[in-house]
file target.tsv (TSV, C-alpha atoms and all ligand atoms)
chain	number	residue	atom	x	y	z
A	23	MET	CA	0.00	0.00	0.00
A	24	ASN	CA	2.82	2.33	0.99
A	25	ASN	CA	4.46	1.93	-2.36
A	26	ILE	CA	1.24	2.57	-4.17
A	27	SER	CA	0.59	5.84	-2.40
A	28	THR	CA	4.22	6.85	-2.92
A	29	ASP	CA	3.76	6.26	-6.62
A	30	ILE	CA	0.54	8.27	-6.68
A	31	ARG	CA	2.29	11.18	-4.97
A	32	LYS	CA	5.13	10.91	-7.47
A	33	ALA	CA	2.61	10.91	-10.32
A	34	LYS	CA	1.00	14.05	-8.92
A	35	THR	CA	4.32	15.90	-8.84
A	36	ILE	CA	5.24	14.84	-12.36
A	37	LEU	CA	1.85	15.86	-13.75
A	38	GLU	CA	1.97	19.22	-11.98
A	39	GLN	CA	5.24	19.88	-13.82
A	40	ASP	CA	3.51	19.36	-17.19
A	41	ASN	CA	5.12	15.94	-17.70
A	42	LEU	CA	3.41	12.66	-18.55
A	43	VAL	CA	2.53	9.54	-16.54
A	44	ALA	CA	1.07	6.25	-17.81
A	45	ILE	CA	-2.06	5.45	-15.82
A	46	PRO	CA	-4.08	2.26	-15.50
A	47	THR	CA	-7.77	2.31	-16.33
A	48	GLU	CA	-10.23	-0.57	-16.51
A	49	THR	CA	-10.14	-0.41	-20.33
A	50	VAL	CA	-6.52	0.14	-21.39
A	51	TYR	CA	-3.54	2.08	-20.00
A	52	GLY	CA	-3.57	5.80	-20.77
A	53	LEU	CA	-0.78	8.26	-21.48
A	54	ALA	CA	-1.86	11.05	-19.15
A	55	GLY	CA	-1.15	14.77	-18.87
A	56	ASN	CA	-2.77	17.89	-17.41
A	57	ALA	CA	-5.84	18.62	-19.58
A	58	PHE	CA	-5.33	22.37	-19.15
A	59	SER	CA	-1.60	22.44	-19.98
A	60	GLU	CA	-0.68	23.01	-23.63
A	61	THR	CA	2.86	21.84	-22.85
A	62	ALA	CA	1.62	18.52	-21.50
A	63	ILE	CA	-0.88	18.04	-24.33
A	64	LYS	CA	1.81	18.64	-26.96
A	65	LYS	CA	4.03	16.06	-25.23
A	66	ILE	CA	1.23	13.51	-25.52
A	67	PHE	CA	0.88	14.01	-29.28
A	68	GLU	CA	4.67	13.91	-29.74
A	69	THR	CA	5.22	10.82	-27.59
A	70	LYS	CA	2.48	8.87	-29.39
A	71	ASN	CA	3.33	10.30	-32.79
A	72	ARG	CA	-0.37	11.04	-33.04
A	73	PRO	CA	-1.81	13.39	-35.67
A	74	LEU	CA	-3.18	16.61	-34.20
A	75	PHE	CA	-6.61	16.12	-35.83
A	76	ASN	CA	-7.30	13.23	-33.45
A	77	PRO	CA	-8.87	14.64	-30.24
A	78	LEU	CA	-8.23	13.36	-26.70
A	79	ILE	CA	-10.50	12.08	-23.95
A	80	VAL	CA	-10.68	14.09	-20.71
A	81	HIS	CA	-10.73	11.94	-17.56
A	82	ILE	CA	-12.50	13.23	-14.43
A	83	HIS	CA	-13.08	11.53	-11.07
A	84	SER	CA	-16.76	12.22	-10.66
A	85	LYS	CA	-19.76	12.93	-12.85
A	86	GLU	CA	-20.37	16.11	-10.86
A	87	LEU	CA	-17.31	17.60	-12.59
A	88	LEU	CA	-18.83	17.22	-16.07
A	89	ASN	CA	-20.41	20.67	-15.86
A	90	ASN	CA	-16.99	22.28	-15.32
A	91	ILE	CA	-15.88	21.42	-18.85
A	92	ALA	CA	-19.12	20.90	-20.79
A	93	GLU	CA	-22.45	22.66	-21.32
A	94	ASN	CA	-25.85	22.07	-22.97
A	95	ILE	CA	-25.61	18.46	-21.87
A	96	PRO	CA	-28.49	16.34	-23.21
A	97	ALA	CA	-30.74	14.51	-20.72
A	98	LYS	CA	-29.71	11.16	-22.19
A	99	ALA	CA	-26.05	11.98	-21.53
A	100	TYR	CA	-26.86	12.39	-17.84
A	101	GLN	CA	-28.79	9.10	-17.87
A	102	LEU	CA	-25.81	7.31	-19.42
A	103	ALA	CA	-23.35	8.91	-16.98
A	104	GLU	CA	-25.59	7.85	-14.10
A	105	ALA	CA	-25.75	4.28	-15.40
A	106	PHE	CA	-22.13	3.72	-16.41
A	107	TRP	CA	-19.74	6.08	-14.54
A	108	PRO	CA	-17.25	5.27	-13.22
A	109	GLY	CA	-16.85	3.00	-16.22
A	110	SER	CA	-16.03	2.36	-19.84
A	111	LEU	CA	-18.28	4.93	-21.47
A	112	THR	CA	-17.04	8.16	-23.05
A	113	LEU	CA	-19.53	10.97	-23.72
A	114	VAL	CA	-18.93	13.57	-26.44
A	115	VAL	CA	-20.69	16.78	-25.41
A	116	LYS	CA	-20.48	20.51	-26.09
A	117	LYS	CA	-17.26	21.90	-24.61
A	118	LYS	CA	-16.86	24.94	-22.39
A	119	GLY	CA	-14.37	27.66	-23.32
A	120	ASN	CA	-11.82	26.51	-20.72
A	121	VAL	CA	-11.04	23.27	-22.60
A	122	PRO	CA	-7.97	23.85	-24.82
A	123	ASN	CA	-8.54	23.51	-28.57
A	124	LEU	CA	-5.56	21.16	-28.71
A	125	VAL	CA	-7.54	18.64	-26.63
A	126	THR	CA	-10.54	18.69	-28.94
A	127	ALA	CA	-8.68	19.11	-32.26
A	128	GLY	CA	-10.48	22.43	-32.67
A	129	LYS	CA	-13.95	20.90	-32.38
A	130	ASN	CA	-16.65	22.48	-30.24
A	131	THR	CA	-17.25	19.16	-28.45
A	132	VAL	CA	-15.21	17.38	-25.78
A	133	ALA	CA	-14.97	13.66	-24.97
A	134	VAL	CA	-15.22	12.89	-21.23
A	135	ARG	CA	-15.23	9.84	-19.00
A	136	VAL	CA	-14.83	8.73	-15.39
A	137	PRO	CA	-12.48	5.74	-15.49
A	138	ASN	CA	-13.07	2.87	-13.10
A	139	HIS	CA	-9.69	2.07	-11.61
A	140	PRO	CA	-8.90	2.71	-7.92
A	141	LEU	CA	-5.33	4.01	-8.50
A	142	THR	CA	-6.35	6.45	-11.19
A	143	LEU	CA	-9.42	7.61	-9.29
A	144	SER	CA	-7.23	8.34	-6.25
A	145	LEU	CA	-4.76	10.21	-8.42
A	146	LEU	CA	-7.51	12.27	-10.09
A	147	LYS	CA	-8.90	13.20	-6.66
A	148	LEU	CA	-5.49	14.51	-5.57
A	149	LEU	CA	-5.11	16.73	-8.63
A	150	ASP	CA	-6.82	20.04	-9.20
A	151	PHE	CA	-7.08	19.46	-12.94
A	152	PRO	CA	-8.50	16.64	-15.10
A	153	LEU	CA	-6.25	14.36	-17.17
A	154	VAL	CA	-6.26	13.92	-20.91
A	155	ALA	CA	-5.23	10.37	-21.74
A	156	PRO	CA	-5.17	8.58	-25.04
A	157	SER	CA	-4.25	4.90	-24.98
A	158	ALA	CA	-0.55	4.54	-24.08
A	159	ASN	CA	0.66	3.12	-27.40
A	160	PRO	CA	2.32	4.62	-30.45
A	161	PHE	CA	-0.33	5.79	-32.90
A	162	GLY	CA	-1.94	2.83	-34.70
A	163	SER	CA	-0.42	0.00	-32.68
A	164	ILE	CA	-2.01	-2.42	-30.19
A	165	SER	CA	-3.33	-0.75	-27.03
A	166	PRO	CA	-1.64	-1.68	-23.74
A	167	THR	CA	-3.59	-3.71	-21.19
A	168	ALA	CA	-0.65	-4.29	-18.80
A	169	ALA	CA	2.08	-2.03	-17.40
A	170	GLU	CA	4.73	-4.08	-19.22
A	171	HIS	CA	3.06	-3.33	-22.58
A	172	VAL	CA	3.49	0.37	-21.86
A	173	ALA	CA	7.10	-0.21	-20.80
A	174	GLN	CA	7.81	-2.00	-24.09
A	175	TYR	CA	6.61	1.07	-25.97
A	176	PHE	CA	7.77	3.98	-23.82
A	177	LYS	CA	10.17	2.81	-21.10
A	178	ASP	CA	12.80	5.37	-22.06
A	179	SER	CA	10.55	8.34	-22.68
A	180	LEU	CA	8.25	8.19	-19.62
A	181	PRO	CA	9.21	9.22	-16.08
A	182	LEU	CA	6.57	6.94	-14.48
A	183	ILE	CA	4.24	4.07	-15.31
A	184	LEU	CA	1.67	3.56	-12.56
A	185	ASP	CA	1.24	-0.22	-12.39
A	186	GLY	CA	-2.39	-1.09	-11.74
A	187	GLY	CA	-2.25	-4.70	-12.94
A	188	LEU	CA	-4.11	-6.13	-15.92
A	189	CYS	CA	-6.96	-4.03	-17.32
A	190	GLU	CA	-10.27	-5.60	-16.39
A	191	SER	CA	-12.27	-4.77	-19.53
A	192	GLY	CA	-9.31	-4.87	-21.90
A	193	ILE	CA	-10.70	-2.84	-24.82
A	194	GLU	CA	-11.29	0.89	-25.10
A	195	SER	CA	-14.37	2.70	-23.88
A	196	THR	CA	-17.53	2.92	-25.95
A	197	ILE	CA	-17.81	6.48	-27.29
A	198	ILE	CA	-21.22	8.15	-27.59
A	199	GLY	CA	-21.99	11.55	-29.05
A	200	PHE	CA	-25.31	13.30	-29.67
A	201	GLU	CA	-27.17	14.68	-32.64
A	202	GLU	CA	-30.19	16.73	-31.71
A	203	ASP	CA	-29.84	15.24	-28.24
A	204	GLU	CA	-30.10	11.65	-29.53
A	205	PRO	CA	-27.19	9.27	-28.78
A	206	ILE	CA	-24.92	8.06	-31.58
A	207	VAL	CA	-22.22	5.45	-31.01
A	208	TYR	CA	-18.93	6.67	-32.52
A	209	ARG	CA	-16.77	3.83	-31.27
A	210	LEU	CA	-17.83	0.32	-30.27
A	211	GLY	CA	-16.11	-0.56	-27.03
A	212	ALA	CA	-16.13	-2.16	-23.62
A	213	ILE	CA	-19.82	-1.47	-22.97
A	214	ALA	CA	-22.09	-3.39	-25.34
A	215	ILE	CA	-24.73	-1.59	-27.42
A	216	GLU	CA	-27.33	-3.85	-25.81
A	217	ALA	CA	-26.41	-2.44	-22.37
A	218	ILE	CA	-26.56	1.14	-23.67
A	219	GLU	CA	-29.95	0.56	-25.29
A	220	ALA	CA	-31.32	-0.87	-22.05
A	221	VAL	CA	-30.80	2.62	-20.57
A	222	VAL	CA	-31.67	5.07	-23.37
A	223	GLY	CA	-33.49	3.00	-26.00
A	224	LYS	CA	-32.40	2.43	-29.59
A	225	VAL	CA	-29.13	4.12	-30.59
A	226	LYS	CA	-27.54	4.79	-33.98
A	227	VAL	CA	-24.10	3.25	-34.57
A	228	MET	CA	-21.65	5.17	-36.79
A	229	ASN	CA	-18.45	3.40	-35.97
A	230	THR	CA	-16.20	4.40	-38.86
A	231	ASN	CA	-14.47	7.59	-39.80
A	232	GLU	CA	-16.33	7.61	-43.11
A	233	ALA	CA	-19.69	7.22	-41.44
A	234	ALA	CA	-18.85	9.55	-38.58
A	235	PRO	CA	-16.60	12.46	-39.46
A	236	GLU	CA	-17.68	13.65	-36.02
A	237	ALA	CA	-15.21	11.13	-34.54
A	238	PRO	CA	-12.06	11.99	-36.42
A	239	GLY	CA	-9.86	9.38	-34.76
A	240	MET	CA	-11.79	6.37	-35.98
A	241	LEU	CA	-9.32	5.32	-38.63
A	242	LEU	CA	-9.84	2.00	-40.29
A	243	LYS	CA	-6.28	0.84	-39.65
A	244	HIS	CA	-5.77	0.84	-35.90
A	245	TYR	CA	-4.94	-1.45	-32.98
A	246	ALA	CA	-2.73	-3.38	-35.38
A	247	PRO	CA	-0.02	-5.95	-34.64
A	248	LYS	CA	3.17	-5.70	-36.69
A	249	THR	CA	2.55	-9.27	-37.88
A	250	LYS	CA	0.20	-9.57	-40.86
A	251	THR	CA	-3.25	-10.37	-39.49
A	252	ILE	CA	-6.39	-11.64	-41.21
A	253	LEU	CA	-9.96	-12.22	-40.06
A	254	VAL	CA	-11.80	-15.36	-41.23
A	255	ASP	CA	-15.27	-16.78	-40.68
A	256	ASP	CA	-14.05	-20.26	-39.84
A	257	LEU	CA	-10.51	-21.06	-38.70
A	258	ASP	CA	-10.58	-24.76	-39.64
A	259	ASP	CA	-11.89	-24.05	-43.15
A	260	PHE	CA	-9.11	-21.51	-43.63
A	261	LEU	CA	-6.43	-23.90	-42.36
A	262	ASN	CA	-7.67	-26.74	-44.57
A	263	GLU	CA	-7.33	-24.57	-47.66
A	264	ASN	CA	-4.00	-22.89	-46.90
A	265	THR	CA	-0.49	-24.09	-46.33
A	266	LEU	CA	1.57	-21.42	-44.65
A	267	PRO	CA	4.38	-21.79	-42.15
A	268	LYS	CA	4.26	-20.23	-38.70
A	269	ILE	CA	0.61	-19.36	-38.15
A	270	GLY	CA	-0.80	-18.10	-34.85
A	271	SER	CA	-4.54	-18.03	-34.23
A	272	ILE	CA	-7.10	-16.16	-32.16
A	273	ALA	CA	-10.51	-17.71	-31.49
A	274	PHE	CA	-13.40	-17.26	-29.08
A	275	TYR	CA	-13.66	-20.70	-27.36
A	276	LYS	CA	-13.01	-23.44	-29.94
A	277	ARG	CA	-9.55	-25.03	-30.07
A	278	THR	CA	-8.38	-26.27	-33.46
A	279	ALA	CA	-6.72	-29.67	-33.80
A	280	ASN	CA	-4.99	-28.56	-36.99
A	281	PRO	CA	-1.20	-28.89	-36.53
A	282	LYS	CA	-0.51	-26.00	-38.90
A	283	VAL	CA	-1.14	-23.61	-36.02
A	284	MET	CA	2.02	-23.01	-34.01
A	285	HIS	CA	0.35	-21.10	-31.23
A	286	GLN	CA	-3.34	-20.61	-30.50
A	287	GLU	CA	-4.97	-18.04	-28.30
A	288	ILE	CA	-8.41	-19.00	-26.99
A	289	LEU	CA	-10.02	-15.87	-25.56
A	290	SER	CA	-12.67	-17.51	-23.37
A	291	GLU	CA	-13.07	-21.27	-22.90
A	292	ARG	CA	-16.39	-20.58	-21.18
A	293	LYS	CA	-17.73	-18.49	-24.08
A	294	ASP	CA	-17.87	-15.32	-22.04
A	295	PHE	CA	-17.70	-12.12	-24.11
A	296	LYS	CA	-16.33	-10.03	-21.24
A	297	GLU	CA	-13.53	-12.47	-20.56
A	298	ALA	CA	-12.75	-12.62	-24.29
A	299	ALA	CA	-12.55	-8.82	-24.56
A	300	ALA	CA	-10.27	-8.68	-21.52
A	301	ASN	CA	-7.91	-11.19	-23.17
A	302	LEU	CA	-7.94	-9.81	-26.73
A	303	TYR	CA	-5.03	-7.33	-26.66
A	304	GLN	CA	-2.94	-9.52	-24.36
A	305	ALA	CA	-3.28	-12.30	-26.94
A	306	MET	CA	-2.37	-9.91	-29.75
A	307	HIS	CA	0.70	-8.66	-27.86
A	308	ARG	CA	1.85	-12.26	-27.18
A	309	LEU	CA	1.38	-13.39	-30.79
A	310	ASP	CA	3.10	-10.31	-32.14
A	311	LYS	CA	6.28	-11.25	-30.27
A	312	MET	CA	6.52	-14.76	-31.76
A	313	ASN	CA	7.92	-13.95	-35.18
A	314	LEU	CA	4.96	-15.53	-36.91
A	315	ASN	CA	4.24	-15.13	-40.61
A	316	LEU	CA	0.53	-14.69	-40.07
A	317	ILE	CA	-2.06	-14.22	-37.34
A	318	VAL	CA	-5.47	-15.66	-38.24
A	319	ALA	CA	-8.38	-14.48	-36.14
A	320	GLU	CA	-11.80	-16.13	-36.27
A	321	ARG	CA	-14.76	-13.77	-36.40
A	322	PHE	CA	-16.88	-13.53	-33.23
A	323	PRO	CA	-20.68	-13.79	-33.14
A	324	ASP	CA	-22.10	-10.41	-34.16
A	325	GLU	CA	-23.75	-9.60	-30.83
A	326	ASN	CA	-22.94	-8.04	-27.50
A	327	LEU	CA	-19.17	-7.44	-27.00
A	328	GLY	CA	-18.60	-9.73	-30.00
A	329	LYS	CA	-19.38	-6.65	-32.12
A	330	SER	CA	-16.64	-4.61	-30.39
A	331	ILE	CA	-14.13	-7.47	-30.65
A	332	ASN	CA	-14.88	-7.89	-34.38
A	333	ASP	CA	-14.39	-4.15	-34.82
A	334	ARG	CA	-10.89	-4.31	-33.28
A	335	LEU	CA	-9.97	-7.51	-35.16
A	336	ASN	CA	-11.10	-5.93	-38.41
A	337	ARG	CA	-8.97	-2.81	-37.84
A	338	ALA	CA	-6.00	-5.05	-36.96
A	339	THR	CA	-6.16	-6.57	-40.46
A	340	LYS	CA	-5.87	-3.28	-42.37
B	1	LIG	O1	-10.85	3.49	-22.96
B	1	LIG	C1	-10.47	4.57	-23.41
B	1	LIG	O2	-11.24	5.38	-23.90
B	1	LIG	C2	-8.95	4.87	-23.30
B	1	LIG	C3	-8.60	5.06	-21.84
B	1	LIG	C4	-7.15	5.46	-21.64
B	1	LIG	O3	-9.47	5.97	-21.25
B	1	LIG	N1	-8.62	6.00	-24.09
B	1	LIG	C5	-8.65	5.99	-25.46
B	1	LIG	O4	-8.20	7.16	-26.04
B	1	LIG	O5	-9.00	5.03	-26.11
B	1	LIG	P1	-7.79	7.29	-27.56
B	1	LIG	O6	-7.15	8.62	-27.65
B	1	LIG	O7	-6.96	6.14	-27.95
B	1	LIG	O8	-9.13	7.34	-28.34
B	1	LIG	C6	-9.96	8.47	-28.19
B	1	LIG	C7	-10.90	8.63	-29.31
B	1	LIG	C8	-10.33	9.35	-30.52
B	1	LIG	O9	-9.83	8.45	-31.45
B	1	LIG	C9	-11.51	10.12	-31.09
B	1	LIG	O10	-12.10	9.41	-32.14
B	1	LIG	C10	-12.49	10.17	-29.95
B	1	LIG	O11	-11.93	9.52	-28.87
B	1	LIG	N2	-12.77	11.56	-29.57
B	1	LIG	C11	-12.12	12.35	-28.69
B	1	LIG	N3	-12.67	13.57	-28.64
B	1	LIG	C12	-13.68	13.59	-29.51
B	1	LIG	C13	-14.62	14.56	-29.92
B	1	LIG	N4	-14.63	15.80	-29.42
B	1	LIG	N5	-15.53	14.21	-30.85
B	1	LIG	C14	-15.54	12.96	-31.35
B	1	LIG	N6	-14.67	11.99	-31.02
B	1	LIG	C15	-13.76	12.29	-30.11
B	2	MG	MG	-6.02	4.60	-28.94
call {"tool": "encode", "arguments": {"input": "target.tsv", "output": "structure tokens"}}
result
Amino acid sequence: MNNISTDIRKAKTILEQDNLVAIPTETVYGLAGNAFSETAIKKIFETKNRPLFNPLIVHIHSKELLNNIAENIPAKAYQLAEAFWPGSLTLVVKKKGNVPNLVTAGKNTVAVRVPNHPLTLSLLKLLDFPLVAPSANPFGSISPTAAEHVAQYFKDSLPLILDGGLCESGIESTIIGFEEDEPIVYRLGAIAIEAIEAVVGKVKVMNTNEAAPEAPGMLLKHYAPKTKTILVDDLDDFLNENTLPKIGSIAFYKRTANPKVMHQEILSERKDFKEAAANLYQAMHRLDKMNLNLIVAERFPDENLGKSINDRLNRATK
């Protein structure tokens, strides 16, 4: 415990000096800086090599703080915040003038969430500013779901990585914006559409950059391993028709008996979508280190978090 609070105090000092700290959240690790410091925000974009048109998410410790940075908030945004915060839901709402344009890529909206991780919530409560935090990976690569993933990417360029263990949800937050006060899903994520609809009724899904220019960061190629990756409907059919050396596979619960696969990652033996999502990036990180020629992922059922997992697998293939 002592160590943990020492680290949180260290993180506070570093952040107050406009430097960056990697923070754990329940979705993925974030690369965090003071949301009101242009110096810190610029460091985030530089460290990630992220294009400036891609806006950042502001992390706050309590839904009561939403009004400090946003205005004209739709009733359904409050309902969603009530239902899911702290948690893996990001709301895109009209920004107040105090939010730097660098955070929002010049847009008049800001993305906000209350993350659900005890270390990061304690840190946020100690600070007198919110934290902007994109996922702590170089632009386009696989998001980190463990402190050692962040270290592999940024060990030499970051003064501190707060180690909060493995991320419980394991994929990024679901992002929801509003058009005429009606919710639109900009990014499929750790909270399933079904769960969102149980709170606010039917929602529109516009999960690609083409469909939703409102969410400028939703590039088709994203979350990608360095190893060539493909997505197939049926792993065994694919293996029967192809002879390739050094294949690794990703599947929901079914193990293949085909010896062509050198290493297989089963995401949830008990067919649990949440468990599968939590394991997805860890599996991708492991496979990407094996010098394989190809990663073959088998498509998930198109329901619940299966939709979000398919979205990430699809972007990994581009
Ligand atoms: O789970 C998560 O959301 C993680 C953790 C660290 O909180 N963060 C994360 O951040 O995934 P990042 O930067 O990798 O993705 C943020 C996405 C951007 O790609 C962009 O599409 C969207 O949020 N976004 C941010 N501000 C927006 C805005 N004003 N309007 C529309 N989309 C926005
Ligand atoms: Mg990201």
call {"tool": "closest_residue", "arguments": {"input": "target.tsv", "among": "A:Arg209, A:Lys226, A:Lys268, A:Lys65", "to": "ligand MG 2 (chain B)", "atoms": "only C-alpha atoms and all ligand atoms"}}
result
A:Arg209
call {"tool": "closest_residue", "arguments": {"input": "target.tsv", "among": "A:Gly162, A:Pro323, A:Pro152, A:Gly211", "to": "ligand MG 2 (chain B)", "atoms": "all atoms listed in the file"}}
result
A:Gly162
call {"tool": "atom_distance", "arguments": {"input": "target.tsv", "atom1": "atom O7 of ligand LIG 1 (chain B)", "atom2": "CA of Leu148 in chain A"}}
result
23.9 Å
call {"tool": "residues_near_ligand", "arguments": {"input": "target.tsv", "ligand": "ligand MG 2 (chain B)", "cutoff": "10 Å", "atoms": "only C-alpha atoms and all ligand atoms", "output": "PyMOL selection string"}}
result
chain A and resi 50-53+70+72+76+78+155-166+193-195+239-240+244-245
call {"tool": "closest_atom_pairs", "arguments": {"input": "target.tsv", "of": "range 113-228 of chain A", "to": "range 85-91 of chain A", "cutoff": "9 Å", "atoms": "all atoms listed in the file", "output": "JSON lines"}}
result
{"residue": "A:Lys116", "atom": "CA", "partner": "A:Ile91", "partner_atom": "CA", "distance": 8.6}
{"residue": "A:Lys117", "atom": "CA", "partner": "A:Ile91", "partner_atom": "CA", "distance": 5.9}
{"residue": "A:Lys118", "atom": "CA", "partner": "A:Ile91", "partner_atom": "CA", "distance": 5.1}
{"residue": "A:Gly119", "atom": "CA", "partner": "A:Ile91", "partner_atom": "CA", "distance": 7.8}
{"residue": "A:Asn120", "atom": "CA", "partner": "A:Ile91", "partner_atom": "CA", "distance": 6.8}
{"residue": "A:Val121", "atom": "CA", "partner": "A:Ile91", "partner_atom": "CA", "distance": 6.4}
{"residue": "A:Val132", "atom": "CA", "partner": "A:Ile91", "partner_atom": "CA", "distance": 8.0}
{"residue": "A:Val134", "atom": "CA", "partner": "A:Leu88", "partner_atom": "CA", "distance": 7.6}
{"residue": "A:Arg135", "atom": "CA", "partner": "A:Lys85", "partner_atom": "CA", "distance": 8.2}
{"residue": "A:Val136", "atom": "CA", "partner": "A:Lys85", "partner_atom": "CA", "distance": 7.0}
call {"tool": "write_last_selection", "arguments": {"input": "target.tsv", "atoms": "C-alpha atoms", "output": "mmCIF file, keeping the file's coordinate frame"}}
result
data_model
loop_
_atom_site.group_PDB
_atom_site.id
_atom_site.type_symbol
_atom_site.label_atom_id
_atom_site.label_comp_id
_atom_site.auth_asym_id
_atom_site.auth_seq_id
_atom_site.Cartn_x
_atom_site.Cartn_y
_atom_site.Cartn_z
ATOM 1 C CA LYS A 116 -20.480 20.510 -26.090
ATOM 2 C CA LYS A 117 -17.260 21.900 -24.610
ATOM 3 C CA LYS A 118 -16.860 24.940 -22.390
ATOM 4 C CA GLY A 119 -14.370 27.660 -23.320
ATOM 5 C CA ASN A 120 -11.820 26.510 -20.720
ATOM 6 C CA VAL A 121 -11.040 23.270 -22.600
ATOM 7 C CA VAL A 132 -15.210 17.380 -25.780
ATOM 8 C CA VAL A 134 -15.220 12.890 -21.230
ATOM 9 C CA ARG A 135 -15.230 9.840 -19.000
ATOM 10 C CA VAL A 136 -14.830 8.730 -15.390
#
call {"tool": "atom_distance", "arguments": {"input": "target.tsv", "atom1": "atom P1 of ligand LIG 1 (chain B)", "atom2": "CA of Ile79 in chain A"}}
result
6.6 Å
call {"tool": "closest_residue", "arguments": {"input": "target.tsv", "among": "A:Ala220, A:Ala133, A:Leu188, A:Ile198", "to": "ligand LIG 1 (chain B)", "atoms": "only C-alpha atoms and all ligand atoms"}}
result
A:Ala133
call {"tool": "atom_distance", "arguments": {"input": "target.tsv", "atom1": "CA of His285 in chain A", "atom2": "CA of Thr49 in chain A"}}
result
25.6 Å
call {"tool": "closest_residue", "arguments": {"input": "target.tsv", "among": "A:Lys276, A:Lys248, A:Lys224, A:Lys129", "to": "ligand LIG 1 (chain B)", "atoms": "all atoms listed in the file"}}
result
A:Lys129
call {"tool": "closest_residue", "arguments": {"input": "target.tsv", "among": "A:Asp310, A:Asp40, A:Glu190, A:Asp178", "to": "ligand LIG 1 (chain B)", "atoms": "all atoms listed in the file"}}
result
A:Glu190
call {"tool": "residues_around", "arguments": {"input": "target.tsv", "residues": "range 201-208 of chain A", "least_positions_apart": "3", "cutoff": "7 Å", "atoms": "all atoms listed in the file", "output": "list in words"}}
result
Pro96, Ile197, Ile198, Val225, Lys226, Val227, Met228, Asn229, Ala234 and Ala237 of chain A
call {"tool": "residues_near_point", "arguments": {"input": "target.tsv", "point": "(-18.7, -2.5, -32.0)", "cutoff": "6 Å", "atoms": "all atoms listed in the file", "output": "VMD selection string"}}
result
chain A and resid 210 to 211 329 to 330 333
call {"tool": "residues_around", "arguments": {"input": "target.tsv", "residues": "range 181-184 of chain A", "least_positions_apart": "4", "cutoff": "12 Å", "atoms": "only C-alpha atoms", "output": "PyMOL selection string"}}
result
chain A and resi 25-37+39-47+51-55+139-142+144-145+158+166+168-177+188
call {"tool": "closest_residue", "arguments": {"input": "target.tsv", "among": "A:Ala273, A:Ala62, A:Ala99, A:Leu113", "to": "ligand LIG 1 (chain B)", "atoms": "all atoms listed in the file"}}
result
A:Leu113
call {"tool": "residues_around", "arguments": {"input": "target.tsv", "residues": "Asn313 in chain A", "least_positions_apart": "2", "cutoff": "12 Å", "atoms": "only C-alpha atoms", "output": "mmCIF file with C-alpha atoms, in the frame of the given file"}}
result
data_model
loop_
_atom_site.group_PDB
_atom_site.id
_atom_site.type_symbol
_atom_site.label_atom_id
_atom_site.label_comp_id
_atom_site.auth_asym_id
_atom_site.auth_seq_id
_atom_site.Cartn_x
_atom_site.Cartn_y
_atom_site.Cartn_z
ATOM 1 C CA PRO A 247 -0.020 -5.950 -34.640
ATOM 2 C CA LYS A 248 3.170 -5.700 -36.690
ATOM 3 C CA THR A 249 2.550 -9.270 -37.880
ATOM 4 C CA LYS A 250 0.200 -9.570 -40.860
ATOM 5 C CA PRO A 267 4.380 -21.790 -42.150
ATOM 6 C CA LYS A 268 4.260 -20.230 -38.700
ATOM 7 C CA ILE A 269 0.610 -19.360 -38.150
ATOM 8 C CA GLY A 270 -0.800 -18.100 -34.850
ATOM 9 C CA MET A 284 2.020 -23.010 -34.010
ATOM 10 C CA HIS A 285 0.350 -21.100 -31.230
ATOM 11 C CA HIS A 307 0.700 -8.660 -27.860
ATOM 12 C CA ARG A 308 1.850 -12.260 -27.180
ATOM 13 C CA LEU A 309 1.380 -13.390 -30.790
ATOM 14 C CA ASP A 310 3.100 -10.310 -32.140
ATOM 15 C CA LYS A 311 6.280 -11.250 -30.270
ATOM 16 C CA ASN A 315 4.240 -15.130 -40.610
ATOM 17 C CA LEU A 316 0.530 -14.690 -40.070
ATOM 18 C CA ILE A 317 -2.060 -14.220 -37.340
#
call {"tool": "residues_around", "arguments": {"input": "target.tsv", "residues": "Ala214 in chain A", "least_positions_apart": "3", "cutoff": "6 Å", "atoms": "only C-alpha atoms", "output": "list of chain:residue names"}}
result
A:Ala217, A:Asn326, A:Leu327
call {"tool": "axis_aligned_box", "arguments": {"input": "target.tsv", "around": "range 51-62 of chain A", "padding_each_side": "5 Å", "output": "lines of an AutoDock Vina configuration file"}}
result
center_x = -1.5
center_y = 12.5
center_z = -20.5
size_x = 18.7
size_y = 30.9
size_z = 16.2
call {"tool": "build_atoms", "arguments": {"input": "target.tsv", "residues": "range 165-170 of chain A", "atoms": "N, CA and C atoms", "output": "PDB file, in the coordinates of the input"}}
result
ATOM      1  N   SER A 165      -3.218  -1.461 -28.312  1.00  0.00           N
ATOM      2  CA  SER A 165      -3.330  -0.750 -27.030  1.00  0.00           C
ATOM      3  C   SER A 165      -2.780  -1.611 -25.902  1.00  0.00           C
ATOM      4  N   PRO A 166      -2.224  -0.950 -24.865  1.00  0.00           N
ATOM      5  CA  PRO A 166      -1.640  -1.680 -23.740  1.00  0.00           C
ATOM      6  C   PRO A 166      -2.674  -2.044 -22.680  1.00  0.00           C
ATOM      7  N   THR A 167      -2.673  -3.309 -22.263  1.00  0.00           N
ATOM      8  CA  THR A 167      -3.590  -3.710 -21.190  1.00  0.00           C
ATOM      9  C   THR A 167      -2.815  -4.189 -19.959  1.00  0.00           C
ATOM     10  N   ALA A 168      -1.496  -3.962 -19.952  1.00  0.00           N
ATOM     11  CA  ALA A 168      -0.650  -4.290 -18.800  1.00  0.00           C
ATOM     12  C   ALA A 168       0.467  -3.260 -18.761  1.00  0.00           C
ATOM     13  N   ALA A 169       1.008  -3.022 -17.546  1.00  0.00           N
ATOM     14  CA  ALA A 169       2.080  -2.030 -17.400  1.00  0.00           C
ATOM     15  C   ALA A 169       3.281  -2.395 -18.271  1.00  0.00           C
ATOM     16  N   GLU A 170       3.540  -3.718 -18.420  1.00  0.00           N
ATOM     17  CA  GLU A 170       4.730  -4.080 -19.220  1.00  0.00           C
ATOM     18  C   GLU A 170       4.532  -3.779 -20.706  1.00  0.00           C
TER      19      GLU A 170
END
